>>> print(open('final-v1.tsv').read())   # TSV, C-alpha atoms
chain	number	residue	atom	x	y	z
V	1	MET	CA	193.50	109.41	-91.25
V	2	SER	CA	191.99	112.78	-92.08
V	3	PRO	CA	189.73	114.47	-89.53
V	4	GLU	CA	186.86	114.46	-92.05
V	5	LEU	CA	187.23	110.72	-92.53
V	6	ASN	CA	187.45	110.22	-88.75
V	7	GLN	CA	184.24	112.19	-88.29
V	8	LEU	CA	182.44	110.32	-91.08
V	9	ARG	CA	183.53	106.95	-89.73
V	10	LEU	CA	182.44	107.92	-86.22
V	11	GLU	CA	179.02	109.09	-87.42
V	12	GLN	CA	178.49	105.91	-89.46
V	13	LEU	CA	179.42	103.79	-86.46
V	14	GLN	CA	176.98	105.71	-84.25
V	15	VAL	CA	174.15	105.05	-86.72
V	16	THR	CA	174.98	101.34	-86.71
V	17	LEU	CA	175.21	101.16	-82.93
V	18	SER	CA	172.01	103.12	-82.34
V	19	SER	CA	169.99	100.03	-83.27
V	20	TYR	CA	171.52	98.26	-80.26
V	21	ALA	CA	170.67	101.02	-77.77
V	22	ASP	CA	167.30	99.47	-76.86
V	23	LEU	CA	169.00	96.17	-76.07
V	24	VAL	CA	171.19	97.84	-73.46
V	25	LYS	CA	168.10	98.94	-71.53
V	26	ARG	CA	166.94	95.34	-71.23
V	27	GLN	CA	168.50	93.23	-68.54
V	28	THR	CA	169.94	89.81	-69.19
V	29	PRO	CA	167.66	87.26	-67.56
V	30	PRO	CA	169.02	86.25	-64.12
V	31	ARG	CA	169.37	82.62	-65.21
V	32	GLY	CA	170.76	83.54	-68.65
V	33	TRP	CA	169.44	83.52	-72.20
V	34	LEU	CA	170.49	79.94	-72.93
V	35	LYS	CA	168.38	78.47	-70.18
V	36	LEU	CA	165.48	80.86	-70.78
V	37	ILE	CA	165.25	80.00	-74.49
V	38	ARG	CA	165.81	76.27	-73.93
V	39	GLU	CA	163.00	76.19	-71.38
V	40	ALA	CA	160.74	78.31	-73.60
V	41	LEU	CA	161.23	75.70	-76.33
V	42	GLY	CA	160.22	73.00	-73.83
V	43	ARG	CA	163.57	71.19	-73.99
V	44	THR	CA	165.17	69.54	-70.99
V	45	GLU	CA	168.89	69.87	-70.30
V	46	ARG	CA	169.33	66.27	-71.42
V	47	GLN	CA	167.48	66.84	-74.71
V	48	GLN	CA	169.45	70.01	-75.48
V	49	ALA	CA	172.74	68.37	-74.55
V	50	GLN	CA	171.99	65.49	-76.95
V	51	ARG	CA	171.30	67.98	-79.76
V	52	LEU	CA	174.69	69.56	-79.10
V	53	GLY	CA	176.55	66.30	-78.63
V	54	ILE	CA	177.66	67.16	-75.10
V	55	SER	CA	176.85	65.84	-71.64
V	56	GLY	CA	174.01	67.21	-69.56
V	57	ALA	CA	176.53	68.27	-66.92
V	58	THR	CA	178.52	70.24	-69.51
V	59	LEU	CA	175.37	72.01	-70.70
V	60	HIS	CA	174.39	72.78	-67.10
V	61	LYS	CA	177.85	74.28	-66.41
V	62	SER	CA	177.68	76.28	-69.65
V	63	GLU	CA	174.27	77.71	-68.83
V	64	GLN	CA	175.53	78.61	-65.37
V	65	SER	CA	178.66	80.20	-66.86
V	66	GLU	CA	176.51	82.38	-69.08
V	67	ALA	CA	174.35	83.46	-66.16
V	68	ASP	CA	177.53	84.32	-64.19
V	69	ASP	CA	179.13	86.26	-67.12
V	70	ARG	CA	181.97	83.75	-67.35
V	71	ILE	CA	181.21	82.12	-70.71
V	72	THR	CA	183.43	82.59	-73.77
V	73	LEU	CA	182.02	84.04	-76.97
V	74	GLY	CA	182.96	80.88	-78.88
V	75	GLN	CA	181.14	78.66	-76.41
V	76	LEU	CA	178.12	80.97	-76.36
V	77	ARG	CA	178.01	81.01	-80.18
V	78	LYS	CA	178.03	77.19	-80.31
V	79	LEU	CA	175.28	76.91	-77.71
V	80	ALA	CA	173.19	79.62	-79.39
V	81	ASP	CA	173.49	77.74	-82.69
V	82	GLY	CA	172.13	74.64	-80.92
V	83	LEU	CA	169.05	76.71	-80.04
V	84	ASP	CA	168.79	77.94	-83.65
V	85	CYS	CA	169.73	81.42	-82.45
V	86	GLU	CA	172.23	83.99	-83.66
V	87	LEU	CA	174.72	85.42	-81.20
V	88	VAL	CA	174.75	89.20	-81.50
V	89	TYR	CA	177.85	90.85	-80.05
V	90	ALA	CA	178.31	94.60	-79.84
V	91	LEU	CA	179.89	97.28	-77.71
V	92	VAL	CA	177.32	100.02	-77.24
V	93	PRO	CA	178.75	103.36	-76.11
V	94	ARG	CA	177.01	104.88	-73.09
V	95	ARG	CA	177.01	108.24	-74.85
V	96	PRO	CA	177.67	109.34	-78.45
V	97	LEU	CA	181.28	108.83	-79.50
V	98	THR	CA	181.29	112.25	-81.15
V	99	ASP	CA	180.61	113.74	-77.70
V	100	VAL	CA	183.50	111.77	-76.21
V	101	VAL	CA	185.94	113.08	-78.83
V	102	GLN	CA	184.60	116.64	-78.59
V	103	GLU	CA	184.83	116.66	-74.79
V	104	ARG	CA	188.37	115.31	-74.86
V	105	ALA	CA	189.49	117.99	-77.32
V	106	ARG	CA	187.80	120.67	-75.23
V	107	ALA	CA	189.44	119.43	-72.01
V	108	ILE	CA	192.88	119.59	-73.62
V	109	ALA	CA	192.13	123.05	-75.02
V	110	MET	CA	190.98	124.30	-71.62
V	111	GLU	CA	194.11	122.92	-69.98
V	112	GLU	CA	196.39	124.54	-72.54
V	113	VAL	CA	194.60	127.89	-72.63
V	114	GLY	CA	194.20	127.87	-68.86
V	115	GLY	CA	197.93	127.37	-68.39
V	116	VAL	CA	198.74	130.33	-70.62
V	117	ALA	CA	196.09	132.46	-68.91
V	118	HIS	CA	197.54	131.62	-65.50
V	119	THR	CA	201.02	132.66	-66.62
V	120	MET	CA	199.59	135.87	-68.05
V	121	SER	CA	197.72	136.61	-64.83
V	122	LEU	CA	200.98	136.34	-62.92
V	123	GLU	CA	202.21	139.11	-65.20
V	124	GLU	CA	198.93	140.98	-64.69
V	125	GLN	CA	198.00	140.48	-68.36
V	126	ARG	CA	195.19	137.92	-67.97
V	127	PRO	CA	192.73	138.10	-70.90
V	128	GLY	CA	189.01	138.54	-70.29
V	129	ALA	CA	186.58	135.64	-69.92
V	130	GLU	CA	185.12	136.09	-73.41
V	131	ARG	CA	188.55	136.09	-75.02
V	132	LEU	CA	189.50	132.94	-73.08
V	133	ARG	CA	186.28	131.24	-74.19
V	134	LYS	CA	187.04	132.05	-77.84
V	135	GLN	CA	190.60	130.78	-77.46
V	136	VAL	CA	189.31	127.52	-76.02
V	137	GLU	CA	186.85	127.16	-78.91
V	138	ARG	CA	189.56	127.89	-81.47
V	139	ARG	CA	192.00	125.44	-79.89
V	140	THR	CA	189.28	122.77	-79.63
V	141	ASP	CA	188.59	123.13	-83.35
V	142	GLU	CA	192.32	122.90	-84.12
V	143	LEU	CA	192.62	119.71	-82.10
V	144	LEU	CA	189.61	118.19	-83.86
V	145	ARG	CA	191.13	119.02	-87.26
V	146	GLY	CA	194.38	117.30	-86.25
V	147	ARG	CA	195.22	113.66	-85.61
V	148	TRP	CA	192.69	112.30	-83.16
V	149	SER	CA	195.24	109.87	-81.78
V	150	ASN	CA	196.94	112.92	-80.24
V	151	LEU	CA	193.86	113.49	-78.10
V	152	TRP	CA	194.60	110.34	-76.10
V	153	ARG	CA	198.30	110.73	-75.30
>>> encode(input="final-v1.tsv", output="structure tokens")
Amino acid sequence: MSPELNQLRLEQLQVTLSSYADLVKRQTPPRGWLKLIREALGRTERQQAQRLGISGATLHKSEQSEADDRITLGQLRKLADGLDCELVYALVPRRPLTDVVQERARAIAMEEVGGVAHTMSLEEQRPGAERLRKQVERRTDELLRGRWSNLWR
């Protein structure tokens, strides 16, 4: 995939994911969403279990599994549907993905340029700090114009 297409895809994904950023700041209720919504609707475990066609004990275990982060997405989707809710699933990066890619390319560039600079210093030919900085920038740009899969070898 071309670097331009990679960049465009990454930027589009960031725009999509930005709408989920506020959700990350909110904590999951200690007893789970399933139980919280069921109780807010005024339904007992028995009533909700009947709606779903499962036993009260199964519903209780499922609500507990959600609260303990042990529930499967399929199970959660079914139970959410029984509450007339949509299950929203997303992975929300802790920081912009463009920053992650940029930092990775820069780290590789610094490692490569630093290795050459070290060898040159052994020969008493070490370039100045400004020249090293420009070499790192140039190499970072080269890496970003190349195949991004090479950044993660």
>>> residues_around(input="final-v1.tsv", residues="V:Val136", least_positions_apart="4", cutoff="8 Å", atoms="all atoms listed in the file", output="compact mmCIF listing (two decimals) with C-alpha atoms, keeping the file's coordinate frame")
# COMPACT_ATOMS: atom_id res chain seq x y z
CA ARG V 106 187.80 120.67 -75.23
CA ALA V 109 192.13 123.05 -75.02
CA MET V 110 190.98 124.30 -71.62
CA VAL V 113 194.60 127.89 -72.63
CA LEU V 132 189.50 132.94 -73.08
CA THR V 140 189.28 122.77 -79.63
>>> residues_around(input="final-v1.tsv", residues="stretch 13-19 of chain V", least_positions_apart="4", cutoff="9 Å", atoms="all atoms listed in the file", output="JSON, numbers by chain")
{"V": [8, 9, 23, 90, 91, 92, 93, 96, 97, 98]}
>>> residues_near_point(input="final-v1.tsv", point="(195.3, 108.8, -91.5)", cutoff="8 Å", atoms="all atoms listed in the file", output="ChimeraX atom specification")
/V:1-2,147
>>> residues_around(input="final-v1.tsv", residues="stretch 84-88 of chain V", least_positions_apart="2", cutoff="10 Å", atoms="all atoms listed in the file", output="list in words")
Tyr20, Leu34, Ile37, Leu73, Gly74, Leu76, Arg77, Lys78, Leu79, Ala80, Asp81, Gly82 and Ala90 of chain V
>>> residues_around(input="final-v1.tsv", residues="V:Glu137", least_positions_apart="2", cutoff="12 Å", atoms="all atoms listed in the file", output="list of chain:residue names")
V:Gln102, V:Glu103, V:Ala105, V:Arg106, V:Ala107, V:Ile108, V:Ala109, V:Met110, V:Glu112, V:Val113, V:Glu130, V:Arg131, V:Leu132, V:Arg133, V:Lys134, V:Gln135, V:Arg139, V:Thr140, V:Asp141, V:Glu142, V:Leu143, V:Leu144
>>> atom_distance(input="final-v1.tsv", atom1="atom CA of V:Lys35", atom2="atom CA of V:Glu63")
6.1 Å
>>> closest_residue(input="final-v1.tsv", among="V:Tyr89, V:Leu52, V:Arg43, V:Glu66", to="V:Val24", atoms="all atoms listed in the file")
V:Tyr89
>>> residues_around(input="final-v1.tsv", residues="V:His60", least_positions_apart="5", cutoff="10 Å", atoms="all atoms listed in the file", output="PyMOL selection string")
chain V and resi 35+45-46+49+55+65
>>> closest_residue(input="final-v1.tsv", among="V:Gln50, V:Ala40, V:Arg31, V:Leu83", to="V:Asp69", atoms="all atoms listed in the file")
V:Arg31
>>> atom_distance(input="final-v1.tsv", atom1="atom CA of V:Ala21", atom2="atom CA of V:Val101")
19.5 Å
>>> atom_distance(input="final-v1.tsv", atom1="atom CA of V:Glu11", atom2="atom CA of V:Thr28")
28.0 Å
>>> axis_aligned_box(input="final-v1.tsv", around="stretch 66-72 of chain V", padding_each_side="6 Å", output="AutoDock Vina command-line options")
--center_x 178.9 --center_y 84.2 --center_z -69.0 --size_x 21.1 --size_y 16.1 --size_z 21.6
>>> closest_residue(input="final-v1.tsv", among="V:Gly146, V:Pro3, V:Gly32, V:Gly114", to="V:Lys61", atoms="only C-alpha atoms")
V:Gly32
